[in-house]
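Q: Below you'll find final15.cif; it's mmCIF, C-alpha atoms.
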```cif
data_protein
loop_
_atom_site.label_atom_id
_atom_site.label_comp_id
_atom_site.auth_asym_id
_atom_site.auth_seq_id
_atom_site.Cartn_x
_atom_site.Cartn_y
_atom_site.Cartn_z
CA MET A 3 200.88 -118.41 58.20
CA PRO A 4 198.35 -119.86 60.68
CA VAL A 5 197.47 -116.41 62.04
CA LEU A 6 196.68 -115.02 58.59
CA HIS A 7 194.74 -118.15 57.72
CA PHE A 8 192.69 -117.79 60.94
CA ALA A 9 192.08 -114.08 60.25
CA ARG A 10 190.87 -114.73 56.70
CA ASN A 11 188.47 -117.43 57.90
CA HIS A 12 187.16 -115.39 60.84
CA ILE A 13 187.18 -111.83 59.51
CA LEU A 14 184.19 -110.71 61.62
CA PHE A 15 185.88 -111.84 64.83
CA VAL A 16 189.06 -109.96 63.85
CA ILE A 17 187.10 -106.78 63.15
CA ILE A 18 185.33 -107.01 66.53
CA LEU A 19 188.68 -107.68 68.22
CA LEU A 20 190.12 -104.52 66.65
CA ILE A 21 187.08 -102.57 67.85
CA GLY A 22 187.77 -103.86 71.35
CA ILE A 23 191.43 -102.84 71.18
CA VAL A 24 190.55 -99.33 69.97
CA SER A 25 187.93 -99.03 72.73
CA LEU A 26 190.47 -100.14 75.33
CA ILE A 27 193.09 -97.63 74.14
CA PHE A 28 190.56 -94.79 74.14
CA GLY A 29 189.38 -95.87 77.59
CA ILE A 30 192.92 -95.62 78.92
CA LEU A 31 193.12 -92.06 77.56
CA VAL A 32 189.74 -91.07 79.04
CA PHE A 33 190.32 -92.55 82.48
CA GLY A 34 193.83 -91.14 82.58
CA ASP A 35 192.79 -87.55 81.83
CA GLY A 36 189.41 -86.03 82.74
CA GLY A 37 189.73 -83.61 79.84
CA TRP A 38 189.31 -86.50 77.42
CA GLY A 39 186.13 -87.50 79.25
CA ASP A 40 184.69 -83.98 78.94
CA TRP A 41 185.63 -83.92 75.25
CA TYR A 42 183.97 -87.30 74.74
CA TYR A 43 180.75 -86.14 76.42
CA ALA A 44 180.44 -82.99 74.31
CA GLN A 45 181.66 -84.32 70.97
CA ILE A 46 180.47 -87.94 70.90
CA PHE A 47 178.06 -88.87 73.68
CA VAL A 48 175.66 -85.94 73.25
CA PRO A 49 175.24 -86.00 69.42
CA VAL A 50 175.05 -89.81 69.26
CA ASN A 51 172.50 -90.05 72.07
CA LYS A 52 170.43 -87.14 70.76
CA ALA A 53 170.08 -88.95 67.43
CA TRP A 54 169.38 -92.30 69.06
CA GLN A 55 166.86 -90.85 71.52
CA SER A 56 165.09 -89.09 68.67
CA ALA A 57 164.72 -92.40 66.84
CA MET A 58 163.66 -94.35 69.94
CA GLN A 59 160.83 -91.96 70.82
CA TYR A 60 158.62 -93.67 68.25
CA SER A 61 158.84 -97.05 69.98
CA SER A 62 157.28 -98.05 73.29
CA VAL A 63 159.04 -101.43 73.24
CA PRO A 64 161.81 -101.70 75.86
CA PHE A 65 165.05 -101.92 73.92
CA TYR A 66 166.50 -104.61 76.17
CA MET A 67 163.86 -106.94 74.70
CA VAL A 68 165.09 -106.10 71.21
CA VAL A 69 168.68 -106.90 72.20
CA ILE A 70 167.63 -110.23 73.75
CA PHE A 71 165.65 -111.09 70.61
CA ILE A 72 168.62 -110.30 68.35
CA LEU A 73 170.95 -112.44 70.46
CA PHE A 74 168.40 -115.26 70.38
CA ILE A 75 168.21 -115.10 66.56
CA LEU A 76 172.01 -115.14 66.31
CA VAL A 77 172.22 -118.20 68.55
CA ILE A 78 169.58 -120.05 66.52
CA ALA A 79 171.31 -119.08 63.25
CA GLY A 80 174.61 -120.34 64.64
CA LEU A 81 173.10 -123.66 65.66
CA ILE A 82 171.54 -124.13 62.23
CA SER A 83 174.76 -123.25 60.40
CA SER A 84 176.77 -125.64 62.55
CA ALA A 85 174.71 -128.66 61.51
CA GLY A 86 176.94 -131.26 59.88
CA SER A 87 180.20 -129.68 61.09
CA SER A 88 182.73 -131.48 63.28
CA TRP A 89 182.59 -130.98 67.04
CA LYS A 90 185.92 -129.15 66.94
CA ASN A 91 184.62 -126.56 64.49
CA ASN A 92 181.40 -126.21 66.47
CA LEU A 93 183.35 -125.67 69.70
CA LEU A 94 185.60 -123.08 68.07
CA SER A 95 182.57 -121.27 66.60
CA ALA A 96 180.82 -121.26 69.97
CA VAL A 97 183.90 -119.85 71.75
CA LEU A 98 184.41 -117.17 69.10
CA PHE A 99 180.73 -116.22 69.27
CA VAL A 100 180.78 -115.83 73.05
CA VAL A 101 184.07 -113.91 73.06
CA SER A 102 183.16 -111.63 70.14
CA THR A 103 179.71 -110.92 71.60
CA GLY A 104 181.27 -109.99 74.94
CA ILE A 105 183.87 -107.74 73.31
CA PHE A 106 181.32 -106.04 71.06
CA LEU A 107 178.73 -105.42 73.79
CA GLY A 108 181.40 -104.29 76.24
CA SER A 109 182.87 -101.86 73.70
CA LEU A 110 179.43 -100.58 72.69
CA PHE A 111 178.52 -100.08 76.35
CA TYR A 112 181.48 -97.78 76.89
CA TRP A 113 180.96 -95.84 73.68
CA MET A 114 177.26 -95.38 74.41
CA TRP A 115 177.73 -94.40 78.04
CA GLY A 116 180.64 -95.80 79.99
CA TYR A 117 183.32 -93.31 79.01
CA ASN A 118 181.35 -90.74 80.99
CA TYR A 119 182.91 -92.45 84.01
CA GLY A 120 186.08 -90.60 83.05
CA ARG A 121 184.34 -87.23 82.86
CA THR A 122 184.80 -84.46 85.42
CA THR A 123 182.26 -85.22 88.14
CA ILE A 124 179.65 -82.84 89.55
CA GLY A 125 181.42 -83.22 92.86
CA THR A 126 184.49 -81.65 91.28
CA SER A 127 182.95 -79.15 88.84
CA TYR A 128 180.11 -77.85 91.03
CA PHE A 129 181.02 -78.67 94.62
CA LYS A 130 184.81 -78.39 94.16
CA ASN A 131 184.95 -81.54 96.32
CA GLU A 132 184.02 -79.43 99.33
CA TYR A 133 180.90 -80.29 101.32
CA VAL A 134 179.36 -78.76 104.40
CA ALA A 135 180.53 -80.14 107.71
CA MET A 136 177.50 -80.45 109.95
CA ASP A 137 177.74 -81.00 113.67
CA THR A 138 175.20 -83.18 115.45
CA THR A 139 172.99 -80.28 116.50
CA THR A 140 172.80 -78.83 112.99
CA PHE A 141 172.07 -82.23 111.45
CA LYS A 142 169.29 -82.87 113.96
CA ARG A 143 167.72 -79.52 113.16
CA ARG A 144 167.89 -80.18 109.41
CA TRP A 145 166.46 -83.68 109.80
CA ALA A 146 163.57 -82.29 111.82
CA LEU A 147 162.88 -79.73 109.07
CA GLN A 148 162.92 -82.54 106.51
CA THR A 149 160.42 -84.48 108.60
CA ASN A 150 158.04 -81.51 108.57
CA ARG A 151 158.54 -81.07 104.84
CA VAL A 152 157.74 -84.72 104.13
CA ASN A 153 154.56 -84.53 106.23
CA THR A 154 153.48 -81.27 104.58
CA LEU A 155 154.07 -82.56 101.06
CA ARG A 156 152.21 -85.79 101.82
CA GLN A 157 149.09 -83.75 102.63
CA LYS A 158 149.16 -82.31 99.09
CA VAL A 159 149.52 -85.67 97.35
CA ILE A 160 146.60 -87.39 95.68
CA ILE A 161 147.56 -90.99 95.06
CA PRO A 162 146.61 -92.02 91.49
CA GLU A 163 144.18 -94.85 90.97
CA GLU A 164 145.84 -98.22 90.49
CA ASP A 165 144.69 -98.37 86.86
CA ASN A 166 146.57 -95.13 86.14
CA GLU A 167 149.87 -96.14 87.73
CA GLU A 168 151.26 -97.48 84.44
CA GLN A 169 150.96 -93.98 82.98
CA LEU A 170 153.15 -92.52 85.72
CA THR A 171 156.43 -93.47 84.06
CA SER A 172 155.57 -91.75 80.79
CA HIS A 173 154.06 -88.75 82.59
CA TYR A 174 157.06 -88.07 84.80
CA THR A 175 159.53 -88.72 82.00
CA HIS A 176 157.99 -85.88 79.99
CA LEU A 177 157.48 -83.66 83.05
CA TYR A 178 161.11 -83.98 84.13
CA ARG A 179 162.44 -83.30 80.64
CA LYS A 180 160.38 -80.11 80.54
CA THR A 181 161.60 -79.20 84.02
CA VAL A 182 165.23 -79.58 82.93
CA GLN A 183 164.65 -77.01 80.18
CA LYS A 184 163.55 -74.46 82.80
CA LEU A 185 166.38 -74.99 85.27
CA PRO A 186 168.68 -71.94 85.42
CA PHE A 187 171.71 -74.20 85.84
CA PHE A 188 172.13 -77.88 84.96
CA PHE A 189 175.56 -78.85 86.31
CA ASP A 190 177.37 -78.79 82.92
CA LEU A 191 174.98 -81.41 81.54
CA ASN A 192 173.43 -81.03 78.10
CA ARG A 193 169.74 -80.24 78.54
CA ASP A 194 169.02 -80.92 74.83
CA LEU A 195 169.19 -84.65 75.51
CA GLN A 196 165.79 -86.37 75.74
CA PRO A 197 166.33 -89.57 77.75
CA HIS A 198 163.51 -92.07 77.94
CA CYS A 199 162.29 -94.11 80.89
CA LYS A 200 160.10 -97.19 80.58
CA GLU A 201 158.75 -99.89 82.88
CA PHE A 202 160.65 -103.14 83.26
CA VAL A 203 158.78 -106.42 83.09
CA PRO A 204 158.27 -108.88 84.64
CA GLU A 205 157.29 -106.83 87.67
CA GLY A 206 159.32 -107.36 90.79
CA PHE A 207 162.36 -108.72 88.91
CA LEU A 208 164.53 -105.68 89.67
CA LEU A 209 163.32 -105.55 93.27
CA ARG A 210 164.55 -109.11 93.73
CA LEU A 211 167.97 -107.85 92.61
CA ASN A 212 167.80 -105.15 95.30
CA THR A 213 167.41 -102.33 92.81
CA ALA A 214 164.51 -100.20 91.61
CA GLY A 215 165.71 -99.30 88.12
CA PHE A 216 168.70 -99.15 85.79
CA TYR A 217 170.03 -97.30 82.77
CA PHE A 218 170.41 -99.25 79.51
CA PRO A 219 172.92 -97.38 77.33
CA PHE A 220 172.37 -99.60 74.26
CA GLY A 221 168.91 -98.08 73.90
CA SER A 222 169.77 -94.74 75.52
CA GLU A 223 166.86 -95.37 77.88
CA SER A 224 166.27 -96.39 81.47
CA TYR A 225 163.79 -98.66 83.24
CA VAL A 226 162.03 -98.75 86.58
CA ASP A 227 160.45 -101.82 88.11
CA LYS A 228 156.79 -102.07 87.21
CA ALA A 229 155.96 -103.12 90.79
CA LEU A 230 157.44 -100.02 92.46
CA HIS A 231 155.18 -98.27 94.92
CA VAL A 232 153.53 -95.18 93.47
CA THR A 233 155.23 -92.89 96.01
CA GLN A 234 158.66 -94.27 95.16
CA LYS A 235 158.44 -94.35 91.38
CA PRO A 236 158.79 -90.57 90.61
CA ALA A 237 162.08 -90.32 92.55
CA VAL A 238 163.49 -93.44 90.87
CA ILE A 239 162.48 -92.16 87.43
CA ALA A 240 164.29 -88.88 88.09
CA HIS A 241 167.39 -90.78 89.23
CA GLU A 242 167.45 -92.95 86.11
CA LEU A 243 166.86 -89.98 83.80
CA ALA A 244 169.89 -88.30 85.41
CA HIS A 245 171.91 -91.26 84.14
CA GLY A 246 170.44 -90.58 80.70
CA TYR A 247 171.87 -87.07 80.83
CA GLY A 248 175.32 -88.57 81.37
CA VAL A 249 175.60 -88.72 85.18
CA THR A 250 177.41 -91.93 86.16
CA ASP A 251 178.05 -91.48 89.90
CA GLU A 252 175.10 -92.91 91.84
CA GLY A 253 175.13 -90.24 94.54
CA GLU A 254 175.23 -87.52 91.90
CA ALA A 255 172.35 -89.18 90.04
CA ASN A 256 170.36 -89.08 93.28
CA PHE A 257 171.25 -85.41 93.69
CA VAL A 258 170.41 -84.37 90.12
CA GLY A 259 167.18 -86.39 90.26
CA TYR A 260 166.28 -84.69 93.54
CA ILE A 261 166.83 -81.21 92.07
CA ILE A 262 164.72 -82.07 89.03
CA SER A 263 161.91 -83.54 91.16
CA GLN A 264 161.84 -80.63 93.60
CA SER A 265 161.84 -78.13 90.71
CA SER A 266 159.00 -79.86 88.86
CA GLY A 267 156.21 -78.30 90.91
CA ASP A 268 154.48 -81.69 91.08
CA PRO A 269 153.42 -82.63 94.66
CA LEU A 270 153.92 -86.38 94.22
CA ALA A 271 157.35 -85.88 92.64
CA GLN A 272 158.39 -83.50 95.41
CA TYR A 273 157.08 -85.83 98.11
CA SER A 274 158.73 -88.88 96.54
CA SER A 275 162.18 -87.27 96.38
CA ALA A 276 161.78 -85.56 99.79
CA LEU A 277 160.97 -88.91 101.39
CA MET A 278 163.96 -90.46 99.63
CA LEU A 279 166.20 -87.76 101.14
CA TRP A 280 164.57 -88.32 104.56
CA LEU A 281 165.34 -92.05 104.39
CA TYR A 282 168.97 -91.34 103.51
CA MET A 283 169.15 -88.93 106.44
CA ALA A 284 167.64 -91.65 108.62
CA GLY A 285 170.49 -93.89 107.51
CA ASP A 286 172.97 -91.33 108.79
CA GLY A 287 170.79 -90.62 111.84
CA ARG A 288 171.04 -94.16 113.15
CA TYR A 289 174.36 -93.13 114.69
CA LEU A 290 172.70 -90.39 116.76
CA ASP A 291 171.18 -90.92 120.16
CA PRO A 292 168.35 -93.48 119.96
CA ASP A 293 165.73 -91.22 121.56
CA PHE A 294 166.08 -88.49 118.92
CA THR A 295 166.14 -90.99 116.07
CA LYS A 296 162.99 -92.63 117.42
CA SER A 297 161.30 -89.22 117.69
CA MET A 298 161.98 -88.54 114.00
CA TRP A 299 160.33 -91.80 113.01
CA ASP A 300 157.45 -91.19 115.41
CA ASN A 301 156.90 -87.68 114.00
CA LEU A 302 156.16 -88.97 110.51
CA SER A 303 152.46 -88.58 109.74
CA PRO A 304 150.13 -91.61 109.60
CA ALA A 305 149.83 -91.20 105.81
CA VAL A 306 153.62 -91.42 105.41
CA TRP A 307 153.70 -94.48 107.63
CA ILE A 308 151.06 -96.12 105.43
CA ASP A 309 153.26 -95.50 102.38
CA LEU A 310 156.32 -96.95 104.12
CA ASP A 311 154.33 -99.97 105.28
CA GLU A 312 153.11 -100.64 101.74
CA ARG A 313 156.71 -100.43 100.51
CA ARG A 314 157.71 -102.94 103.18
CA LYS A 315 155.00 -105.31 101.96
CA LEU A 316 156.44 -105.00 98.45
CA ASP A 317 159.84 -106.01 99.81
CA GLU A 318 158.23 -109.04 101.42
CA ARG A 319 156.40 -109.88 98.19
CA PHE A 320 159.61 -109.67 96.15
CA PRO A 321 162.42 -110.78 98.51
CA GLU A 322 165.98 -110.09 97.40
CA PHE A 323 167.85 -112.77 95.49
CA MET A 324 171.44 -113.28 96.68
CA PRO A 325 171.86 -109.66 97.90
CA ARG A 326 175.44 -110.07 99.07
CA MET A 327 176.60 -111.34 95.69
CA ARG A 328 174.69 -108.56 93.91
CA ASP A 329 176.26 -105.89 96.14
CA ALA A 330 179.75 -107.36 95.74
CA ILE A 331 179.47 -107.43 91.93
CA TYR A 332 177.98 -103.95 91.63
CA ASP A 333 180.43 -102.47 94.14
CA SER A 334 183.32 -103.92 92.11
CA TYR A 335 181.82 -102.55 88.90
CA LEU A 336 181.46 -99.03 90.33
CA SER A 337 184.94 -99.06 91.83
CA MET A 338 186.45 -100.35 88.58
CA ASN A 339 184.89 -97.39 86.75
CA LYS A 340 186.36 -94.86 89.18
CA VAL A 341 183.12 -94.19 91.06
CA GLU A 342 184.57 -93.09 94.38
CA GLY A 343 183.56 -95.40 97.20
CA GLY A 344 181.66 -97.89 95.04
CA LEU A 345 178.21 -98.46 96.55
CA LYS A 346 179.04 -95.89 99.21
CA SER A 347 178.74 -93.24 96.49
CA TYR A 348 174.98 -93.31 97.13
CA ASN A 349 175.67 -91.89 100.60
CA ARG A 350 177.09 -88.62 99.25
CA PHE A 351 173.55 -87.66 98.30
CA VAL A 352 172.74 -86.04 101.65
CA LYS A 353 175.98 -84.04 101.71
CA MET A 354 175.33 -82.78 98.18
CA VAL A 355 171.79 -81.61 98.95
CA LEU A 356 172.81 -79.84 102.17
CA THR A 357 175.78 -78.19 100.46
CA HIS A 358 173.62 -77.11 97.55
CA GLU A 359 171.17 -75.51 99.98
CA LYS A 360 174.05 -73.52 101.49
CA LYS A 361 175.02 -72.29 98.03
#
```
Write out the structure in this file as structure tokens.

A:
Amino acid sequence: MPVLHFARNHILFVIILLIGIVSLIFGILVFGDGGWGDWYYAQIFVPVNKAWQSAMQYSSVPFYMVVIFILFILVIAGLISSAGSSWKNNLLSAVLFVVSTGIFLGSLFYWMWGYNYGRTTIGTSYFKNEYVAMDTTTFKRRWALQTNRVNTLRQKVIIPEEDNEEQLTSHYTHLYRKTVQKLPFFFDLNRDLQPHCKEFVPEGFLLRLNTAGFYFPFGSESYVDKALHVTQKPAVIAHELAHGYGVTDEGEANFVGYIISQSSGDPLAQYSSALMLWLYMAGDGRYLDPDFTKSMWDNLSPAVWIDLDERRKLDERFPEFMPRMRDAIYDSYLSMNKVEGGLKSYNRFVKMVLTHEKK
């Protein structure tokens, strides 16, 4: 039979196809029942990532480079092996390589991280999907308090020398992991995990994609843009490490990262995350009366304004590349994986912090 003949001659493709089918079936179970997602996190994600993170701690090489190198070698090997073959065989081999690579990487992505999208969210387990309802007066008062906190924290910050900025990522990765161990409560996340965070090169590449960092499940590690401003980097590192602990929702990653940063006792970390919260509140505050909103911006200290101006210069240095397409693709990706609201999930960050303070 032609099917059996094809399977015998392309056994690797068949095996990868079966892996994809199994992954799809398990994904249907996980996304259909949150209990499966919680089981997956405890029984598969945690032990696999603990072992992988333990092995990766001995390498400073970003794992995405390793993956790119492996794919490059496979492409070269395929080109060499196809020499002398007919164009039909070469075309079939190329199609099978692309399809099998996509299936394998897609399946591996979900096994290494993606099935956590089907897990019970922090919004459900901790907040019970109930957030504080703040009237305009209460929000204004809280925003004013946040403005004072940002100014106060900025006075305590000593900006590292430029030569020492590269050490920030490693420093805060270790500091945050130690902080997690001391937290009295960690939102049903496993604190034994040891996620890594490294700098992404070339610098500015992620900023051009309108992002500051990302989590790479194949290496169980995350990356932040090398060009990030020193006052922004600690908050982004905390956010990406939250993904490493299994948090998939972007707003929840902001929230968990904020709690870790504020609990670290480090002035720069606290200032970085406090300013991030302030900027999110400013996003909500643009709907308030213009005079009050302007007063909040005007009340920021000169030192804070210098930091914001330097961040703006970074944005000008690394302008975004096709931002609308990037947002459309990422919003579709988040929505497809049951992240409520897609990109709007980031905006739940303020509600989570204010509700947590009430608790």

Q: Find the residues around Pro236 in chain A up to 9 Å (all atoms listed in the file counted), leave out those fewer than 4 positions away in its own chain, and share them as an NGL selection string.

A: :A and (170-171 or 174-175 or 232 or 240-241 or 263 or 270-272 or 274-275)

Q: Residue by residue, what does the PyMOL selection byres ((chain A and resi 269) around 9) grab here? Present the result as a list of chain:residue names.

A: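 On this input, the PyMOL selection byres ((chain A and resi 269) around 9) captures A:Leu155, A:Arg156, A:Lys158, A:Val159, A:Ile160, A:Gln264, A:Ser266, A:Gly267, A:Asp268, A:Leu270, A:Ala271, A:Gln272, A:Tyr273, A:Ser274.
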
Q: Quick one: which residues end up in the PyMOL selection byres ((chain A and resi 118) around 9) for this structure, as a ChimeraX atom specification?

A: /A:32,39-40,42-43,47,112-113,115-117,119-122,248-250

Q: Name the residues in contact with Ser222 in chain A at a cut-off of 12 Å, using all atoms listed in the file, excluding same-chain residues fewer than 4 positions from it; report them as a ChimeraX atom specification.

A: /A:47-59,64-66,110-111,113-116,195-200,216-218,242-248

Q: Rank A:Phe33, A:Phe106, A:Lys142, A:Thr126 by their smallest atom-to-atom distance to Asp293 in chain A, using all atoms listed in the file, and report the top residue only.

A: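 Answer, going by the shortest atom-to-atom distance: A:Lys142.
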
Q: Return the single residue from A:Gln45, A:Thr233, A:Ser297, A:Ser83 that is closest to Asn192 in chain A, with distances computed using only C-alpha atoms.

A: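 Using only C-alpha atoms, Asn192 in chain A sits closest to A:Gln45.
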